[in-house]
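Source file: target-v1.txt (compact mmCIF, N, CA and C atoms)
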```
# COMPACT_ATOMS: atom_id res chain seq x y z
N MET A 1 0.43 -0.38 -54.71
CA MET A 1 -0.71 0.48 -54.45
C MET A 1 -1.05 1.35 -55.64
N LEU A 2 -0.05 1.83 -56.35
CA LEU A 2 -0.32 2.69 -57.49
C LEU A 2 -1.02 1.94 -58.62
N CYS A 3 -0.77 0.64 -58.74
CA CYS A 3 -1.46 -0.12 -59.78
C CYS A 3 -2.95 -0.23 -59.45
N PHE A 4 -3.29 -0.22 -58.17
CA PHE A 4 -4.70 -0.25 -57.76
C PHE A 4 -5.40 1.04 -58.16
N LEU A 5 -4.71 2.16 -58.06
CA LEU A 5 -5.31 3.46 -58.33
C LEU A 5 -5.31 3.83 -59.81
N LYS A 6 -4.61 3.06 -60.63
CA LYS A 6 -4.53 3.37 -62.05
C LYS A 6 -5.92 3.24 -62.68
N GLY A 7 -6.37 4.30 -63.31
CA GLY A 7 -7.67 4.28 -63.97
C GLY A 7 -8.85 4.55 -63.05
N MET A 8 -8.62 4.87 -61.80
CA MET A 8 -9.73 5.06 -60.86
C MET A 8 -10.40 6.42 -61.03
N ALA A 9 -9.86 7.30 -61.84
CA ALA A 9 -10.53 8.58 -62.11
C ALA A 9 -11.80 8.37 -62.91
N PHE A 10 -11.95 7.18 -63.47
CA PHE A 10 -13.16 6.86 -64.21
C PHE A 10 -14.37 6.71 -63.28
N VAL A 11 -14.14 6.32 -62.03
CA VAL A 11 -15.25 6.07 -61.09
C VAL A 11 -16.03 7.35 -60.78
N PRO A 12 -15.40 8.48 -60.43
CA PRO A 12 -16.21 9.70 -60.21
C PRO A 12 -16.91 10.18 -61.47
N PHE A 13 -16.27 10.02 -62.62
CA PHE A 13 -16.91 10.38 -63.88
C PHE A 13 -18.15 9.54 -64.12
N LEU A 14 -18.04 8.24 -63.88
CA LEU A 14 -19.18 7.35 -64.04
C LEU A 14 -20.28 7.66 -63.03
N LEU A 15 -19.89 8.04 -61.82
CA LEU A 15 -20.87 8.42 -60.79
C LEU A 15 -21.72 9.60 -61.24
N VAL A 16 -21.10 10.64 -61.72
CA VAL A 16 -21.83 11.83 -62.16
C VAL A 16 -22.69 11.53 -63.37
N THR A 17 -22.13 10.80 -64.32
CA THR A 17 -22.87 10.47 -65.54
C THR A 17 -24.06 9.58 -65.24
N TRP A 18 -23.86 8.54 -64.43
CA TRP A 18 -24.93 7.61 -64.10
C TRP A 18 -26.03 8.28 -63.28
N SER A 19 -25.65 9.12 -62.32
CA SER A 19 -26.65 9.82 -61.50
C SER A 19 -27.48 10.77 -62.34
N SER A 20 -26.85 11.48 -63.24
CA SER A 20 -27.59 12.37 -64.14
C SER A 20 -28.53 11.58 -65.04
N ALA A 21 -28.05 10.46 -65.54
CA ALA A 21 -28.89 9.61 -66.39
C ALA A 21 -30.08 9.06 -65.61
N ALA A 22 -29.90 8.80 -64.32
CA ALA A 22 -31.01 8.27 -63.51
C ALA A 22 -32.17 9.26 -63.47
N PHE A 23 -31.86 10.53 -63.26
CA PHE A 23 -32.92 11.53 -63.20
C PHE A 23 -33.53 11.78 -64.58
N ILE A 24 -32.69 11.82 -65.60
CA ILE A 24 -33.18 12.11 -66.94
C ILE A 24 -34.04 10.96 -67.46
N ILE A 25 -33.60 9.73 -67.28
CA ILE A 25 -34.35 8.58 -67.78
C ILE A 25 -35.68 8.43 -67.05
N SER A 26 -35.68 8.60 -65.72
CA SER A 26 -36.95 8.48 -64.99
C SER A 26 -37.91 9.61 -65.37
N TYR A 27 -37.38 10.78 -65.67
CA TYR A 27 -38.22 11.90 -66.14
C TYR A 27 -38.83 11.59 -67.49
N VAL A 28 -38.02 11.08 -68.41
CA VAL A 28 -38.51 10.78 -69.76
C VAL A 28 -39.58 9.68 -69.71
N VAL A 29 -39.34 8.65 -68.91
CA VAL A 29 -40.33 7.57 -68.79
C VAL A 29 -41.61 8.09 -68.15
N ALA A 30 -41.51 8.96 -67.15
CA ALA A 30 -42.71 9.52 -66.50
C ALA A 30 -43.49 10.39 -67.47
N VAL A 31 -42.81 11.17 -68.29
CA VAL A 31 -43.51 12.03 -69.26
C VAL A 31 -44.16 11.19 -70.34
N LEU A 32 -43.44 10.19 -70.86
CA LEU A 32 -44.00 9.35 -71.91
C LEU A 32 -45.16 8.49 -71.41
N SER A 33 -45.14 8.15 -70.12
CA SER A 33 -46.25 7.38 -69.55
C SER A 33 -47.44 8.27 -69.18
N GLY A 34 -47.23 9.57 -69.19
CA GLY A 34 -48.31 10.50 -68.85
C GLY A 34 -48.52 10.69 -67.36
N HIS A 35 -47.50 10.35 -66.55
CA HIS A 35 -47.63 10.46 -65.10
C HIS A 35 -47.32 11.86 -64.56
N VAL A 36 -46.58 12.66 -65.31
CA VAL A 36 -46.23 14.01 -64.88
C VAL A 36 -46.39 14.99 -66.03
N ASN A 37 -46.49 16.24 -65.67
CA ASN A 37 -46.54 17.32 -66.64
C ASN A 37 -45.13 17.50 -67.20
N PRO A 38 -44.98 17.58 -68.52
CA PRO A 38 -43.62 17.68 -69.08
C PRO A 38 -42.93 19.01 -68.78
N PHE A 39 -43.66 20.04 -68.39
CA PHE A 39 -43.04 21.33 -68.13
C PHE A 39 -42.77 21.50 -66.64
N LEU A 40 -41.52 21.38 -66.26
CA LEU A 40 -41.04 21.58 -64.88
C LEU A 40 -41.81 20.80 -63.82
N PRO A 41 -41.77 19.47 -63.87
CA PRO A 41 -42.42 18.70 -62.81
C PRO A 41 -41.52 18.67 -61.57
N TYR A 42 -42.12 18.33 -60.44
CA TYR A 42 -41.31 18.12 -59.23
C TYR A 42 -40.46 16.87 -59.45
N ILE A 43 -39.21 16.93 -59.00
CA ILE A 43 -38.32 15.80 -59.22
C ILE A 43 -38.81 14.57 -58.46
N SER A 44 -39.48 14.78 -57.33
CA SER A 44 -40.00 13.64 -56.56
C SER A 44 -41.19 12.99 -57.25
N ASP A 45 -41.90 13.71 -58.10
CA ASP A 45 -43.04 13.12 -58.81
C ASP A 45 -42.62 12.25 -59.98
N THR A 46 -41.41 12.42 -60.46
CA THR A 46 -40.99 11.67 -61.65
C THR A 46 -40.61 10.24 -61.33
N GLY A 47 -40.49 9.86 -60.08
CA GLY A 47 -40.11 8.49 -59.74
C GLY A 47 -41.02 7.82 -58.75
N THR A 48 -42.31 8.20 -58.73
CA THR A 48 -43.20 7.65 -57.70
C THR A 48 -44.06 6.49 -58.17
N THR A 49 -44.34 6.41 -59.45
CA THR A 49 -45.21 5.34 -59.93
C THR A 49 -44.44 4.41 -60.86
N PRO A 50 -44.84 3.14 -60.87
CA PRO A 50 -44.18 2.21 -61.79
C PRO A 50 -44.47 2.60 -63.23
N PRO A 51 -43.61 2.40 -64.15
CA PRO A 51 -42.32 1.71 -64.13
C PRO A 51 -41.14 2.61 -63.77
N GLU A 52 -41.37 3.96 -63.76
CA GLU A 52 -40.22 4.84 -63.52
C GLU A 52 -39.68 4.74 -62.10
N SER A 53 -40.50 4.30 -61.14
CA SER A 53 -40.00 4.16 -59.77
C SER A 53 -38.97 3.03 -59.68
N GLY A 54 -39.19 1.95 -60.41
CA GLY A 54 -38.22 0.86 -60.42
C GLY A 54 -36.92 1.25 -61.09
N ILE A 55 -37.04 1.98 -62.19
CA ILE A 55 -35.84 2.45 -62.90
C ILE A 55 -35.06 3.42 -62.02
N PHE A 56 -35.78 4.35 -61.38
CA PHE A 56 -35.13 5.33 -60.50
C PHE A 56 -34.44 4.62 -59.33
N GLY A 57 -35.13 3.68 -58.71
CA GLY A 57 -34.55 2.97 -57.56
C GLY A 57 -33.30 2.21 -57.92
N PHE A 58 -33.34 1.48 -59.04
CA PHE A 58 -32.18 0.71 -59.46
C PHE A 58 -30.99 1.62 -59.77
N MET A 59 -31.25 2.68 -60.52
CA MET A 59 -30.15 3.54 -60.94
C MET A 59 -29.54 4.32 -59.78
N ILE A 60 -30.37 4.76 -58.84
CA ILE A 60 -29.83 5.49 -57.68
C ILE A 60 -29.10 4.54 -56.73
N ASN A 61 -29.56 3.29 -56.62
CA ASN A 61 -28.81 2.32 -55.83
C ASN A 61 -27.41 2.10 -56.40
N PHE A 62 -27.32 2.01 -57.71
CA PHE A 62 -26.01 1.86 -58.34
C PHE A 62 -25.17 3.13 -58.15
N SER A 63 -25.83 4.30 -58.17
CA SER A 63 -25.11 5.55 -57.90
C SER A 63 -24.56 5.57 -56.48
N ALA A 64 -25.32 5.02 -55.54
CA ALA A 64 -24.83 4.95 -54.16
C ALA A 64 -23.60 4.05 -54.06
N PHE A 65 -23.62 2.95 -54.79
CA PHE A 65 -22.45 2.07 -54.82
C PHE A 65 -21.24 2.78 -55.42
N LEU A 66 -21.47 3.50 -56.53
CA LEU A 66 -20.37 4.25 -57.15
C LEU A 66 -19.87 5.36 -56.23
N GLY A 67 -20.77 5.98 -55.48
CA GLY A 67 -20.36 7.00 -54.52
C GLY A 67 -19.48 6.41 -53.42
N ALA A 68 -19.86 5.22 -52.94
CA ALA A 68 -19.04 4.55 -51.92
C ALA A 68 -17.67 4.18 -52.48
N ALA A 69 -17.63 3.73 -53.72
CA ALA A 69 -16.35 3.40 -54.35
C ALA A 69 -15.49 4.65 -54.52
N THR A 70 -16.13 5.76 -54.87
CA THR A 70 -15.40 7.03 -55.01
C THR A 70 -14.83 7.48 -53.67
N MET A 71 -15.62 7.37 -52.60
CA MET A 71 -15.14 7.78 -51.28
C MET A 71 -13.99 6.90 -50.81
N TYR A 72 -14.10 5.60 -51.06
CA TYR A 72 -13.02 4.70 -50.66
C TYR A 72 -11.74 4.99 -51.45
N THR A 73 -11.88 5.26 -52.74
CA THR A 73 -10.73 5.59 -53.57
C THR A 73 -10.07 6.88 -53.08
N ARG A 74 -10.88 7.87 -52.74
CA ARG A 74 -10.34 9.12 -52.21
C ARG A 74 -9.59 8.87 -50.89
N TYR A 75 -10.17 8.03 -50.04
CA TYR A 75 -9.53 7.69 -48.77
C TYR A 75 -8.15 7.06 -49.00
N LYS A 76 -8.07 6.12 -49.95
CA LYS A 76 -6.80 5.46 -50.22
C LYS A 76 -5.78 6.41 -50.85
N ILE A 77 -6.25 7.32 -51.69
CA ILE A 77 -5.33 8.29 -52.31
C ILE A 77 -4.72 9.20 -51.25
N VAL A 78 -5.55 9.72 -50.36
CA VAL A 78 -5.05 10.60 -49.30
C VAL A 78 -4.15 9.82 -48.34
N GLU A 79 -4.48 8.58 -48.06
CA GLU A 79 -3.64 7.74 -47.20
C GLU A 79 -2.27 7.54 -47.84
N LYS A 80 -2.22 7.31 -49.14
CA LYS A 80 -0.95 7.13 -49.85
C LYS A 80 -0.15 8.43 -49.87
N GLN A 81 -0.83 9.57 -50.04
CA GLN A 81 -0.13 10.85 -50.02
C GLN A 81 0.45 11.16 -48.65
N ASN A 82 -0.21 10.70 -47.60
CA ASN A 82 0.30 10.93 -46.24
C ASN A 82 1.56 10.12 -45.95
N GLN A 83 1.80 9.06 -46.69
CA GLN A 83 3.01 8.26 -46.47
C GLN A 83 4.26 8.99 -46.95
N THR A 84 4.13 9.78 -48.01
CA THR A 84 5.30 10.48 -48.55
C THR A 84 5.45 11.89 -47.99
N SER A 85 4.33 12.58 -47.81
CA SER A 85 4.38 13.92 -47.24
C SER A 85 3.13 14.12 -46.39
N TYR A 86 3.24 15.03 -45.44
CA TYR A 86 2.11 15.26 -44.54
C TYR A 86 1.04 16.06 -45.29
N PHE A 87 0.01 15.38 -45.74
CA PHE A 87 -1.05 16.00 -46.53
C PHE A 87 -2.21 16.45 -45.65
N SER A 88 -2.68 15.57 -44.79
CA SER A 88 -3.75 15.90 -43.83
C SER A 88 -3.71 14.90 -42.69
N THR A 89 -4.46 15.20 -41.65
CA THR A 89 -4.52 14.32 -40.49
C THR A 89 -5.26 13.04 -40.86
N PRO A 90 -4.73 11.88 -40.50
CA PRO A 90 -5.42 10.63 -40.82
C PRO A 90 -6.82 10.53 -40.20
N VAL A 91 -7.03 11.20 -39.08
CA VAL A 91 -8.36 11.18 -38.46
C VAL A 91 -9.37 11.89 -39.36
N PHE A 92 -8.98 13.01 -39.94
CA PHE A 92 -9.89 13.72 -40.85
C PHE A 92 -10.18 12.89 -42.09
N ASN A 93 -9.20 12.17 -42.54
CA ASN A 93 -9.39 11.30 -43.70
C ASN A 93 -10.41 10.21 -43.38
N LEU A 94 -10.30 9.61 -42.21
CA LEU A 94 -11.24 8.57 -41.79
C LEU A 94 -12.64 9.14 -41.57
N VAL A 95 -12.72 10.33 -40.97
CA VAL A 95 -14.02 10.97 -40.76
C VAL A 95 -14.69 11.28 -42.10
N SER A 96 -13.92 11.75 -43.07
CA SER A 96 -14.51 12.03 -44.38
C SER A 96 -14.98 10.75 -45.06
N LEU A 97 -14.26 9.65 -44.87
CA LEU A 97 -14.71 8.37 -45.42
C LEU A 97 -16.02 7.94 -44.80
N VAL A 98 -16.11 8.03 -43.48
CA VAL A 98 -17.34 7.62 -42.78
C VAL A 98 -18.52 8.50 -43.18
N LEU A 99 -18.31 9.81 -43.23
CA LEU A 99 -19.40 10.71 -43.63
C LEU A 99 -19.83 10.45 -45.08
N GLY A 100 -18.89 10.18 -45.95
CA GLY A 100 -19.23 9.86 -47.33
C GLY A 100 -20.03 8.57 -47.44
N LEU A 101 -19.63 7.56 -46.66
CA LEU A 101 -20.37 6.30 -46.70
C LEU A 101 -21.77 6.45 -46.10
N VAL A 102 -21.91 7.27 -45.07
CA VAL A 102 -23.24 7.54 -44.51
C VAL A 102 -24.12 8.24 -45.55
N GLY A 103 -23.53 9.16 -46.31
CA GLY A 103 -24.27 9.82 -47.38
C GLY A 103 -24.71 8.83 -48.45
N CYS A 104 -23.86 7.87 -48.76
CA CYS A 104 -24.23 6.85 -49.75
C CYS A 104 -25.33 5.94 -49.23
N ILE A 105 -25.31 5.63 -47.95
CA ILE A 105 -26.41 4.86 -47.36
C ILE A 105 -27.70 5.65 -47.44
N GLY A 106 -27.62 6.95 -47.17
CA GLY A 106 -28.80 7.81 -47.30
C GLY A 106 -29.33 7.85 -48.72
N MET A 107 -28.43 7.84 -49.69
CA MET A 107 -28.85 7.82 -51.09
C MET A 107 -29.58 6.52 -51.41
N GLY A 108 -29.12 5.41 -50.84
CA GLY A 108 -29.80 4.14 -51.02
C GLY A 108 -31.17 4.13 -50.38
N ILE A 109 -31.31 4.79 -49.24
CA ILE A 109 -32.62 4.89 -48.58
C ILE A 109 -33.58 5.71 -49.43
N VAL A 110 -33.10 6.81 -49.98
CA VAL A 110 -33.93 7.64 -50.86
C VAL A 110 -34.37 6.84 -52.08
N ALA A 111 -33.49 6.01 -52.61
CA ALA A 111 -33.81 5.23 -53.80
C ALA A 111 -34.87 4.18 -53.53
N ASN A 112 -34.85 3.60 -52.34
CA ASN A 112 -35.75 2.49 -52.05
C ASN A 112 -37.06 2.88 -51.40
N PHE A 113 -37.12 4.02 -50.75
CA PHE A 113 -38.33 4.45 -50.07
C PHE A 113 -38.81 5.75 -50.70
N GLN A 114 -39.46 5.62 -51.86
CA GLN A 114 -39.93 6.79 -52.57
C GLN A 114 -41.26 7.25 -51.98
N SER A 115 -41.61 8.50 -52.25
CA SER A 115 -42.86 9.04 -51.73
C SER A 115 -44.04 8.35 -52.41
N VAL A 116 -45.09 8.20 -51.64
CA VAL A 116 -46.29 7.53 -52.12
C VAL A 116 -47.47 8.45 -51.88
N THR A 117 -48.36 8.51 -52.84
CA THR A 117 -49.56 9.31 -52.67
C THR A 117 -50.58 8.49 -51.89
N LEU A 118 -51.03 9.03 -50.77
CA LEU A 118 -52.02 8.37 -49.94
C LEU A 118 -53.35 9.09 -50.07
N ARG A 119 -54.41 8.31 -50.17
CA ARG A 119 -55.74 8.90 -50.20
C ARG A 119 -56.33 8.81 -48.81
N ILE A 120 -56.76 9.95 -48.31
CA ILE A 120 -57.35 10.00 -46.98
C ILE A 120 -58.86 10.10 -47.15
N SER A 121 -59.54 9.19 -46.50
CA SER A 121 -60.99 9.17 -46.59
C SER A 121 -61.57 10.23 -45.67
N THR A 122 -62.59 10.94 -46.16
CA THR A 122 -63.23 11.97 -45.35
C THR A 122 -64.51 11.46 -44.71
N GLU A 123 -64.78 10.16 -44.86
CA GLU A 123 -65.98 9.59 -44.24
C GLU A 123 -65.79 9.50 -42.74
N ILE A 124 -66.88 9.68 -42.02
CA ILE A 124 -66.85 9.57 -40.58
C ILE A 124 -67.20 8.14 -40.21
N ASN A 125 -66.32 7.54 -39.40
CA ASN A 125 -66.52 6.16 -38.99
C ASN A 125 -67.08 6.17 -37.58
N ASP A 126 -68.30 5.66 -37.41
CA ASP A 126 -68.97 5.65 -36.09
C ASP A 126 -68.88 4.29 -35.43
N ASP A 127 -67.93 3.46 -35.80
CA ASP A 127 -67.82 2.11 -35.24
C ASP A 127 -67.17 2.10 -33.87
N PHE A 128 -66.66 3.19 -33.41
CA PHE A 128 -65.96 3.20 -32.14
C PHE A 128 -66.93 3.21 -31.04
```

Kindly transcribe the structure held in the file into structure tokens.
Amino acid sequence: MLCFLKGMAFVPFLLVTWSSAAFIISYVVAVLSGHVNPFLPYISDTGTTPPESGIFGFMINFSAFLGAATMYTRYKIVEKQNQTSYFSTPVFNLVSLVLGLVGCIGMGIVANFQSVTLRISTEINDDF
């Protein structure tokens, strides 16, 4: 089991680095494309139009995968610690794994269903 965990501290580091890069890269692409104001834009506006929406979606999906890997690694570490000494209740460990995975699913939903600007027509339709 310890050979499985060797080097796994790289996963949370990669998660934070990749997630930060996702926001920064989509912001830079949005500014260079002229889609947002470069001075303090809304974070939701930086990933709504192509090509930055595709970049944002891909990178956040990968962040969700890394988050799930981080949660699973944490689950296994706490499970291994419970074998030698009583660290925490196994039920709490399982609940934290499930909540973490639900959060990662939510991150994937945010990545794939970005906000869209809708135009509402003010014309009156008398066809009814």

Contacts of stretch 100-103 of chain A at 8 Å or less, counting all atoms listed in the file, minus same-chain residues fewer than 3 places along, as a VMD selection string? chain A and resid 64 67 to 69 71 to 72 94 to 97 106 to 109

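Atom pair atom CA of A:Ile25 / atom CA of A:Arg74 has a distance of 28.6 Å (rounded to one decimal).
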
Atomic separation - atom N of A:Thr48 relative to atom CA of A:Val36, Å: 9.3 Å

What separation in Å, quoted to one decimal, exists between atom CA of A:Cys104 and atom CA of A:Lys6? 23.5 Å

Would you give the centre and edge lengths, in Å to one decimal, of a box along x, y and z around the listed atoms of stretch 51-68 of chain A, with 6 Å added to each side, as JSON?
```
{"center_x": -30.6, "center_y": 3.9, "center_z": -58.0, "size_x": 37.9, "size_y": 18.3, "size_z": 24.2}
```

Can you tell me which residues surround A:Gly57 at a distance of at most 8 Å, considering all atoms listed in the file, apart from same-chain residues fewer than 2 positions away, and format the answer as a ChimeraX atom specification? /A:22,47,51-55,59-63,108,110-114

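The nearest approach to A:Tyr42 among the residues A:Val16, A:Tyr75, A:Thr89, A:Tyr27, with only C-alpha atoms taken into account, belongs to A:Tyr27.
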
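Of the listed residues A:Val11, A:Leu99, A:Leu66, A:Ile43, the one whose atoms come nearest to A:Ile24 is A:Ile43, with distances taken using only C-alpha atoms.
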
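Among the candidates A:Phe10, A:Tyr86, A:Phe23, A:Phe92, the residue lying nearest to A:Thr46 is A:Phe23 (atoms considered: only C-alpha atoms).
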